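A.B. asks: Data file my_file26.cif (mmCIF, C-alpha atoms) is appended below.
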```cif
data_my_file
#
loop_
_atom_site.label_atom_id
_atom_site.label_comp_id
_atom_site.auth_asym_id
_atom_site.auth_seq_id
_atom_site.Cartn_x
_atom_site.Cartn_y
_atom_site.Cartn_z
CA MET V 1 0.00 0.00 0.00
CA ILE V 2 1.18 3.49 -0.77
CA SER V 3 1.80 5.76 2.23
CA GLY V 4 0.20 9.15 2.71
CA ILE V 5 3.55 10.86 2.08
CA ASP V 6 4.14 8.89 -1.13
CA GLU V 7 0.66 9.78 -2.39
CA LYS V 8 1.35 13.48 -1.78
CA ILE V 9 4.59 13.18 -3.73
CA ALA V 10 2.74 11.49 -6.61
CA PHE V 11 0.15 14.27 -6.59
CA TYR V 12 2.76 17.03 -6.66
CA MET V 13 4.61 15.30 -9.51
CA ALA V 14 1.38 15.11 -11.51
CA SER V 15 0.51 18.74 -10.81
CA TYR V 16 3.98 20.08 -11.68
CA ARG V 17 3.24 19.99 -15.43
CA TYR V 18 0.30 22.33 -14.90
CA SER V 19 1.59 24.64 -12.17
CA LEU V 20 2.92 27.25 -14.63
CA ARG V 21 -0.43 27.62 -16.42
CA VAL V 22 -2.27 27.92 -13.12
CA ALA V 23 0.24 30.52 -11.90
CA LEU V 24 -0.32 32.59 -15.03
CA GLY V 25 -3.99 32.90 -14.12
CA LEU V 26 -5.14 32.83 -17.73
CA GLY V 27 -8.35 34.75 -18.37
CA GLY V 28 -10.06 37.10 -20.82
CA LYS V 29 -8.07 37.42 -24.05
CA GLU V 30 -5.42 35.03 -22.74
CA ARG V 31 -8.08 32.35 -22.33
CA VAL V 32 -9.26 32.82 -25.93
CA ILE V 33 -5.68 32.66 -27.18
CA TRP V 34 -5.01 29.49 -25.19
CA ARG V 35 -8.15 27.86 -26.57
CA PHE V 36 -7.01 28.69 -30.10
CA VAL V 37 -3.53 27.29 -29.43
CA SER V 38 -5.01 24.16 -27.90
CA ARG V 39 -7.30 23.50 -30.87
CA SER V 40 -4.47 24.15 -33.31
CA ARG V 41 -2.29 21.66 -31.46
CA ALA V 42 -5.02 19.01 -31.74
CA ILE V 43 -5.41 19.62 -35.48
CA ALA V 44 -1.66 19.38 -36.00
CA GLY V 45 -1.40 16.21 -33.92
CA TRP V 46 -4.17 14.25 -35.62
CA PRO V 47 -2.28 13.46 -38.90
CA ILE V 48 0.70 12.25 -36.86
CA TRP V 49 -1.46 9.81 -34.90
CA ALA V 50 -3.13 8.63 -38.12
CA LEU V 51 0.30 7.94 -39.64
CA ARG V 52 1.41 6.05 -36.53
CA TRP V 53 -1.71 3.86 -36.75
CA ALA V 54 -1.10 3.10 -40.44
CA VAL V 55 2.56 2.19 -39.83
CA MET V 56 1.63 -0.03 -36.88
CA MET V 57 -0.99 -1.91 -38.92
CA ALA V 58 1.48 -2.40 -41.79
CA VAL V 59 4.32 -3.64 -39.56
CA THR V 60 2.13 -6.21 -37.74
CA VAL V 61 0.48 -7.80 -40.81
CA GLY V 62 0.02 -11.53 -40.20
CA ARG V 63 1.09 -11.36 -36.54
CA THR V 64 -2.10 -11.44 -34.47
CA GLY V 65 -0.48 -11.41 -31.04
CA ALA V 66 1.99 -8.66 -31.89
CA ARG V 67 -0.77 -6.58 -33.46
CA TRP V 68 -2.96 -6.80 -30.33
CA HIS V 69 -0.15 -5.62 -28.06
CA ALA V 70 0.85 -2.89 -30.52
CA GLN V 71 -2.74 -1.66 -30.78
CA ARG V 72 -3.15 -1.70 -27.01
CA SER V 73 0.05 0.33 -26.58
CA TYR V 74 -1.01 2.79 -29.29
CA ILE V 75 -4.46 3.27 -27.77
CA GLY V 76 -2.99 3.93 -24.32
CA ARG V 77 -0.55 6.53 -25.67
CA PHE V 78 -3.19 8.18 -27.85
CA TRP V 79 -5.70 8.63 -25.06
CA ARG V 80 -3.01 9.85 -22.67
CA TRP V 81 -2.17 12.51 -25.26
CA TYR V 82 -5.88 13.30 -25.69
CA PHE V 83 -6.57 13.83 -21.99
CA ALA V 84 -3.34 15.81 -21.56
CA HIS V 85 -4.52 17.99 -24.46
CA ARG V 86 -7.80 18.47 -22.57
CA GLU V 87 -5.81 19.42 -19.43
CA CYS V 88 -6.85 16.28 -17.53
CA THR V 89 -4.07 14.22 -15.98
CA PHE V 90 -3.96 11.57 -13.23
CA TYR V 91 -1.83 9.80 -10.67
CA THR V 92 -2.29 6.30 -9.24
CA THR V 93 -1.83 5.26 -5.62
CA GLN V 94 -0.61 1.77 -6.53
CA ASP V 95 0.54 -0.06 -9.67
CA LEU V 96 -1.61 -2.93 -10.93
CA GLY V 97 1.03 -4.89 -12.80
CA VAL V 98 0.34 -7.70 -15.25
CA SER V 99 -1.73 -10.68 -14.08
CA SER V 100 -0.91 -14.11 -15.52
CA THR V 101 -4.11 -15.73 -14.24
CA GLY V 102 -6.69 -13.11 -15.20
CA ARG V 103 -8.03 -10.34 -13.04
CA LEU V 104 -11.38 -8.70 -12.34
CA ILE V 105 -11.12 -4.92 -11.96
CA LEU V 106 -14.18 -3.29 -10.40
CA ALA V 107 -14.86 0.40 -11.06
CA VAL V 108 -17.72 2.84 -10.53
CA ARG V 109 -19.36 4.27 -13.63
CA SER V 110 -18.96 8.04 -13.28
CA HIS V 111 -18.78 9.53 -16.81
CA PHE V 112 -19.34 8.76 -20.48
CA MET V 113 -15.56 8.74 -21.08
CA ASP V 114 -14.71 6.31 -18.25
CA GLY V 115 -13.44 3.64 -20.65
CA PRO V 116 -10.87 5.69 -22.58
CA PHE V 117 -9.68 7.33 -19.36
CA LEU V 118 -9.06 4.01 -17.59
CA LEU V 119 -7.40 2.52 -20.67
CA GLN V 120 -4.62 5.11 -20.41
CA ALA V 121 -4.56 5.35 -16.61
CA LEU V 122 -4.12 1.64 -15.77
CA ASP V 123 -0.60 0.28 -16.17
CA CYS V 124 -1.59 -3.15 -17.51
CA PRO V 125 -3.45 -4.44 -20.61
CA VAL V 126 -7.19 -4.55 -19.89
CA ILE V 127 -10.43 -5.34 -21.69
CA MET V 128 -12.71 -2.35 -21.23
CA PRO V 129 -16.51 -1.98 -21.62
CA ILE V 130 -17.09 0.84 -24.12
CA PRO V 131 -20.55 2.34 -24.91
CA LYS V 132 -21.64 2.26 -28.54
CA ALA V 133 -22.42 5.96 -28.28
CA LEU V 134 -18.66 6.57 -28.51
CA ALA V 135 -19.05 5.85 -32.23
CA GLN V 136 -20.43 9.41 -32.51
CA PHE V 137 -17.41 10.90 -30.77
CA ARG V 138 -14.85 12.87 -32.76
CA LEU V 139 -11.49 14.27 -31.66
CA ILE V 140 -12.38 17.59 -33.27
CA ARG V 141 -16.12 18.25 -33.70
CA TRP V 142 -15.93 19.90 -37.09
CA ILE V 143 -13.35 17.53 -38.62
CA ASN V 144 -14.23 13.96 -39.65
CA THR V 145 -11.62 12.24 -37.50
CA PRO V 146 -11.72 8.44 -37.09
CA ASN V 147 -14.47 6.51 -35.37
CA PHE V 148 -12.89 5.81 -31.97
CA TYR V 149 -15.38 3.05 -31.22
CA LYS V 150 -13.80 1.06 -34.07
CA GLN V 151 -10.30 2.04 -32.97
CA LEU V 152 -10.95 0.57 -29.51
CA LYS V 153 -12.27 -2.78 -30.84
CA PRO V 154 -9.09 -4.76 -29.96
CA VAL V 155 -9.29 -3.87 -26.25
CA MET V 156 -13.03 -3.53 -25.66
CA MET V 157 -16.32 -5.29 -25.17
CA ASP V 158 -19.71 -3.67 -25.67
CA ASP V 159 -20.86 -1.83 -22.55
CA LEU V 160 -24.16 -3.64 -22.12
CA GLY V 161 -23.87 -3.76 -18.34
CA THR V 162 -22.07 -6.22 -16.08
CA ASP V 163 -25.12 -8.49 -15.80
CA ALA V 164 -25.47 -8.86 -19.58
CA GLN V 165 -21.74 -9.42 -20.04
CA TYR V 166 -21.31 -11.77 -17.06
CA HIS V 167 -20.43 -14.93 -19.01
CA ASN V 168 -18.20 -13.01 -21.42
CA ILE V 169 -16.30 -11.47 -18.50
CA VAL V 170 -15.77 -14.88 -16.91
CA ARG V 171 -14.51 -16.39 -20.19
CA LEU V 172 -12.05 -13.54 -20.75
CA ILE V 173 -10.67 -13.81 -17.20
CA GLU V 174 -10.29 -17.59 -17.60
CA ARG V 175 -8.21 -16.90 -20.72
CA GLY V 176 -5.86 -14.72 -18.65
CA TYR V 177 -7.15 -11.22 -19.45
CA SER V 178 -7.67 -8.41 -16.97
CA VAL V 179 -11.25 -7.18 -17.39
CA VAL V 180 -12.87 -4.00 -16.09
CA ALA V 181 -16.47 -4.35 -14.90
CA PHE V 182 -18.58 -1.40 -13.80
CA ILE V 183 -20.37 -2.00 -10.53
CA ASN V 184 -23.29 0.38 -11.06
CA PRO V 185 -25.72 0.35 -14.02
CA GLU V 186 -25.97 4.15 -14.30
CA VAL V 187 -23.55 7.06 -13.93
CA THR V 188 -23.23 7.97 -10.25
CA ASP V 189 -21.66 10.94 -8.47
CA ARG V 190 -20.91 10.21 -4.82
CA LYS V 191 -21.33 13.90 -4.00
CA LEU V 192 -24.94 13.71 -5.18
CA SER V 193 -25.86 10.20 -4.07
CA MET V 194 -25.23 8.48 -0.75
CA GLN V 195 -25.99 5.01 -2.18
CA LEU V 196 -23.99 2.95 -4.66
CA ASP V 197 -26.18 0.60 -6.69
CA PHE V 198 -24.69 -2.79 -7.59
CA GLU V 199 -25.68 -4.88 -10.59
CA THR V 200 -26.95 -8.29 -9.50
CA GLN V 201 -24.01 -10.33 -10.88
CA VAL V 202 -21.22 -8.28 -9.28
CA THR V 203 -21.15 -10.37 -6.10
CA SER V 204 -21.17 -13.58 -8.17
CA LEU V 205 -18.14 -12.35 -10.10
CA ILE V 206 -16.37 -11.47 -6.85
CA ARG V 207 -16.89 -14.99 -5.50
CA GLN V 208 -15.90 -16.71 -8.75
CA VAL V 209 -12.69 -14.79 -9.53
CA LYS V 210 -9.69 -15.12 -7.24
CA ASP V 211 -7.84 -11.96 -8.26
CA VAL V 212 -10.16 -8.96 -7.73
CA THR V 213 -8.98 -5.34 -7.62
CA LEU V 214 -10.92 -2.18 -6.77
CA VAL V 215 -10.19 0.96 -8.79
CA ASP V 216 -11.60 4.31 -7.69
CA HIS V 217 -11.51 7.05 -10.33
CA THR V 218 -14.75 8.75 -9.26
CA GLU V 219 -13.02 12.16 -9.27
CA PHE V 220 -13.28 11.85 -13.06
CA VAL V 221 -16.68 13.55 -12.75
CA LYS V 222 -14.62 16.80 -12.74
CA TYR V 223 -13.40 16.11 -16.30
CA PRO V 224 -15.98 18.41 -18.03
CA LEU V 225 -14.55 21.32 -15.98
CA ALA V 226 -11.00 20.81 -17.31
CA GLY V 227 -9.51 23.55 -19.48
CA GLY V 228 -6.39 25.60 -20.14
CA ASP V 229 -7.05 27.80 -17.12
CA ASN V 230 -8.45 24.98 -14.97
CA PRO V 231 -6.36 21.79 -15.20
CA VAL V 232 -7.86 18.75 -13.50
CA ILE V 233 -5.79 16.08 -11.73
CA ILE V 234 -7.59 12.80 -11.06
CA ARG V 235 -6.58 10.48 -8.24
CA VAL V 236 -6.88 6.81 -9.24
CA ARG V 237 -6.95 4.63 -6.12
CA VAL V 238 -6.00 0.98 -6.64
CA THR V 239 -6.53 -1.61 -3.89
CA PRO V 240 -6.88 -5.42 -3.91
CA LEU V 241 -10.30 -6.51 -2.68
CA SER V 242 -8.59 -8.71 -0.05
CA GLU V 243 -7.41 -5.54 1.73
CA VAL V 244 -11.01 -4.28 1.98
CA ILE V 245 -12.91 -7.49 2.76
CA ASP V 246 -12.55 -11.25 2.38
CA PRO V 247 -15.84 -12.28 0.71
CA GLU V 248 -15.43 -15.94 1.66
CA GLY V 249 -18.26 -16.96 4.00
CA ARG V 250 -19.69 -13.45 4.26
CA PRO V 251 -23.22 -12.48 3.14
CA ASP V 252 -23.62 -10.41 -0.01
CA SER V 253 -25.06 -7.50 1.98
CA GLN V 254 -21.86 -7.19 4.04
CA VAL V 255 -19.60 -7.45 0.97
CA VAL V 256 -21.62 -4.79 -0.86
CA GLN V 257 -21.59 -2.46 2.15
CA GLN V 258 -17.82 -2.71 2.62
CA ILE V 259 -17.09 -2.07 -1.04
CA ALA V 260 -19.50 0.89 -1.19
CA GLY V 261 -17.81 2.36 1.89
CA TRP V 262 -14.37 2.04 0.29
CA TYR V 263 -15.63 4.05 -2.70
CA GLY V 264 -16.88 6.77 -0.35
CA PHE V 265 -20.61 5.97 -0.41
CA ARG V 266 -22.66 5.67 2.76
CA THR V 267 -24.54 2.55 1.68
CA GLY V 268 -24.55 -0.07 -1.07
CA SER V 269 -27.53 -1.93 -2.51
CA VAL V 270 -27.95 -4.67 -5.11
CA ILE V 271 -30.46 -3.73 -7.83
CA ARG V 272 -33.02 -6.50 -8.26
CA ARG V 273 -34.61 -6.49 -11.70
CA SER V 274 -37.92 -8.17 -12.36
#
```
Using the file provided, produce a representation of the structure as structure tokens.
C.D. replies:
Amino acid sequence: MISGIDEKIAFYMASYRYSLRVALGLGGKERVIWRFVSRSRAIAGWPIWALRWAVMMAVTVGRTGARWHAQRSYIGRFWRWYFAHRECTFYTTQDLGVSSTGRLILAVRSHFMDGPFLLQALDCPVIMPIPKALAQFRLIRWINTPNFYKQLKPVMMDDLGTDAQYHNIVRLIERGYSVVAFINPEVTDRKLSMQLDFETQVTSLIRQVKDVTLVDHTEFVKYPLAGGDNPVIIRVRVTPLSEVIDPEGRPDSQVVQQIAGWYGFRTGSVIRRS
């Protein structure tokens, strides 16, 4: 576990890149100029990323395994560049590392862009649930940049909810993949809701998978506020479930309550659908 002092150091290291812009106190005309510079940088960067993608696809022709790892690495770097461009950075309290036996990573659904953010924030290859609505997303609204839903295909599964994807999640973990599963069915802000709703199959997954990790990135709800004059730094807490509660022999209600408390919610409840 990371100590309080180490976490402060990680935070200050993450904030250092943005301290100069904050100190400048951009506003008025300076804010307009910065927005123009930021958009120009995005336009200039897009052809470079497109060329990188084309080269990667050409180099890995006929090599399925190498292509998957290359695509995963590309996607992580691209989205890290994207969020840095949007003035949203992060720091993690603990490294995940690669799992050889498959791992279940539980996270709270907090924003439409959860998937891309976690893909670049986690330090290991993961399979991420991505909503189909991301197909409408463009890097620059008025330029026909690529369909990012298709770009993410190698490292994603359709975000149909943890209950609907239960068997798919289990199969992927059995094959040695680390898979992210969202606990709650709808976007939740812990500042607005005291209760964290759990999908019905979350506790079944917890009991079936040996390696379970909790990831808390709920501060990502601040992402829409990020800008040149208001950089946002997201804390990503990473903790093995075993350090929060041992689910063996404990009722579901107790497991749910302990997990909800770790995420900062007052209560947790399993949603029962008819």
A.B. asks: Between V:Ala84, V:Leu96, V:Leu104, V:Val180, single out the one closest to Met128 (chain V), counting all atoms listed in the file.
C.D. replies: V:Val180
A.B. asks: At what distance in Å, to one decimal, does CA of Arg207 (chain V) lie from CA of Pro131 (chain V)?
C.D. replies: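 Atom-to-atom, CA of Pro131 (chain V) and CA of Arg207 (chain V) are spaced 26.3 Å apart.
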A.B. asks: Taking the file as I've supplied it (selection: the PyMOL selection byres ((chain V and resi 201) around 7)), which residues are included? Please answer as a PyMOL selection string.
C.D. replies: chain V and resi 162-163+166+199-200+202-205
A.B. asks: Within 12 Å of Arg190 (chain V), counting all atoms listed in the file, which residues qualify if same-chain residues fewer than 2 places away don't, as a short mmCIF file (atom, residue, chain, number, x, y, z; two decimals) with C-alpha atoms, in the coordinates of the input?
C.D. replies:
```cif
data_model
loop_
_atom_site.label_atom_id
_atom_site.label_comp_id
_atom_site.auth_asym_id
_atom_site.auth_seq_id
_atom_site.Cartn_x
_atom_site.Cartn_y
_atom_site.Cartn_z
CA VAL V 108 -17.72 2.84 -10.53
CA ARG V 109 -19.36 4.27 -13.63
CA SER V 110 -18.96 8.04 -13.28
CA ASN V 184 -23.29 0.38 -11.06
CA VAL V 187 -23.55 7.06 -13.93
CA THR V 188 -23.23 7.97 -10.25
CA LEU V 192 -24.94 13.71 -5.18
CA SER V 193 -25.86 10.20 -4.07
CA MET V 194 -25.23 8.48 -0.75
CA GLN V 195 -25.99 5.01 -2.18
CA LEU V 196 -23.99 2.95 -4.66
CA ASP V 197 -26.18 0.60 -6.69
CA ASP V 216 -11.60 4.31 -7.69
CA HIS V 217 -11.51 7.05 -10.33
CA THR V 218 -14.75 8.75 -9.26
CA GLU V 219 -13.02 12.16 -9.27
CA PHE V 220 -13.28 11.85 -13.06
CA VAL V 221 -16.68 13.55 -12.75
CA ALA V 260 -19.50 0.89 -1.19
CA GLY V 261 -17.81 2.36 1.89
CA TRP V 262 -14.37 2.04 0.29
CA TYR V 263 -15.63 4.05 -2.70
CA GLY V 264 -16.88 6.77 -0.35
CA PHE V 265 -20.61 5.97 -0.41
CA ARG V 266 -22.66 5.67 2.76
CA THR V 267 -24.54 2.55 1.68
CA GLY V 268 -24.55 -0.07 -1.07
#
```
A.B. asks: Here is a test: counting only C-alpha atoms, which residue of V:Arg77, V:Ile105, V:Tyr223, V:Val155 is nearest to Leu241 (chain V)?
C.D. replies: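 Nearest to Leu241 (chain V): V:Ile105.
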A.B. asks: Have a look at CA of Pro154 (chain V) and CA of Leu106 (chain V) and let me know their distance in Å, one decimal.
C.D. replies: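 Answer for the CA of Pro154 (chain V) to CA of Leu106 (chain V) separation: 20.3 Å.
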A.B. asks: My list of candidates is V:Pro247, V:Gly76, V:Gly65, V:Pro240. Which is closest to Gln94 (chain V) when distances are computed with only C-alpha atoms?
C.D. replies: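 Answer, going by the shortest atom-to-atom distance: V:Pro240.
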A.B. asks: Quick one: which residues end up in the PyMOL selection byres ((chain V and resi 79) around 12) for this structure, as JSON, numbers by chain?
C.D. replies: {"V": [49, 72, 73, 74, 75, 76, 77, 78, 80, 81, 82, 83, 84, 85, 86, 88, 89, 113, 114, 115, 116, 117, 118, 119, 120, 121, 122, 139, 148, 151, 152]}
A.B. asks: Rounded to one decimal in Å, what is the spacing between CA of Ala181 (chain V) and CA of Ile130 (chain V)?
C.D. replies: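 Separation of CA of Ala181 (chain V) and CA of Ile130 (chain V): 10.6 Å.
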A.B. asks: Residues proximal to (-12.4, -18.6, -15.4) were defined as those with any atom within 9 Å of that point in the file's coordinates, counting only C-alpha atoms. Which are they, as an NGL selection string?
C.D. replies: :V and (101-102 or 169-176 or 208-209)
A.B. asks: Go through V:Val244, V:Ile48, V:Val255, V:Ile183 and flag the residue nearest Ile271 (chain V), using all atoms listed in the file for the distances.
C.D. replies: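 Among V:Val244, V:Ile48, V:Val255, V:Ile183, it is V:Ile183 that comes nearest to Ile271 (chain V).
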A.B. asks: Could you list, as a count of residues only, every residue matched by the PyMOL selection byres ((chain V and resi 246) around 12) in this structure?
C.D. replies: 22
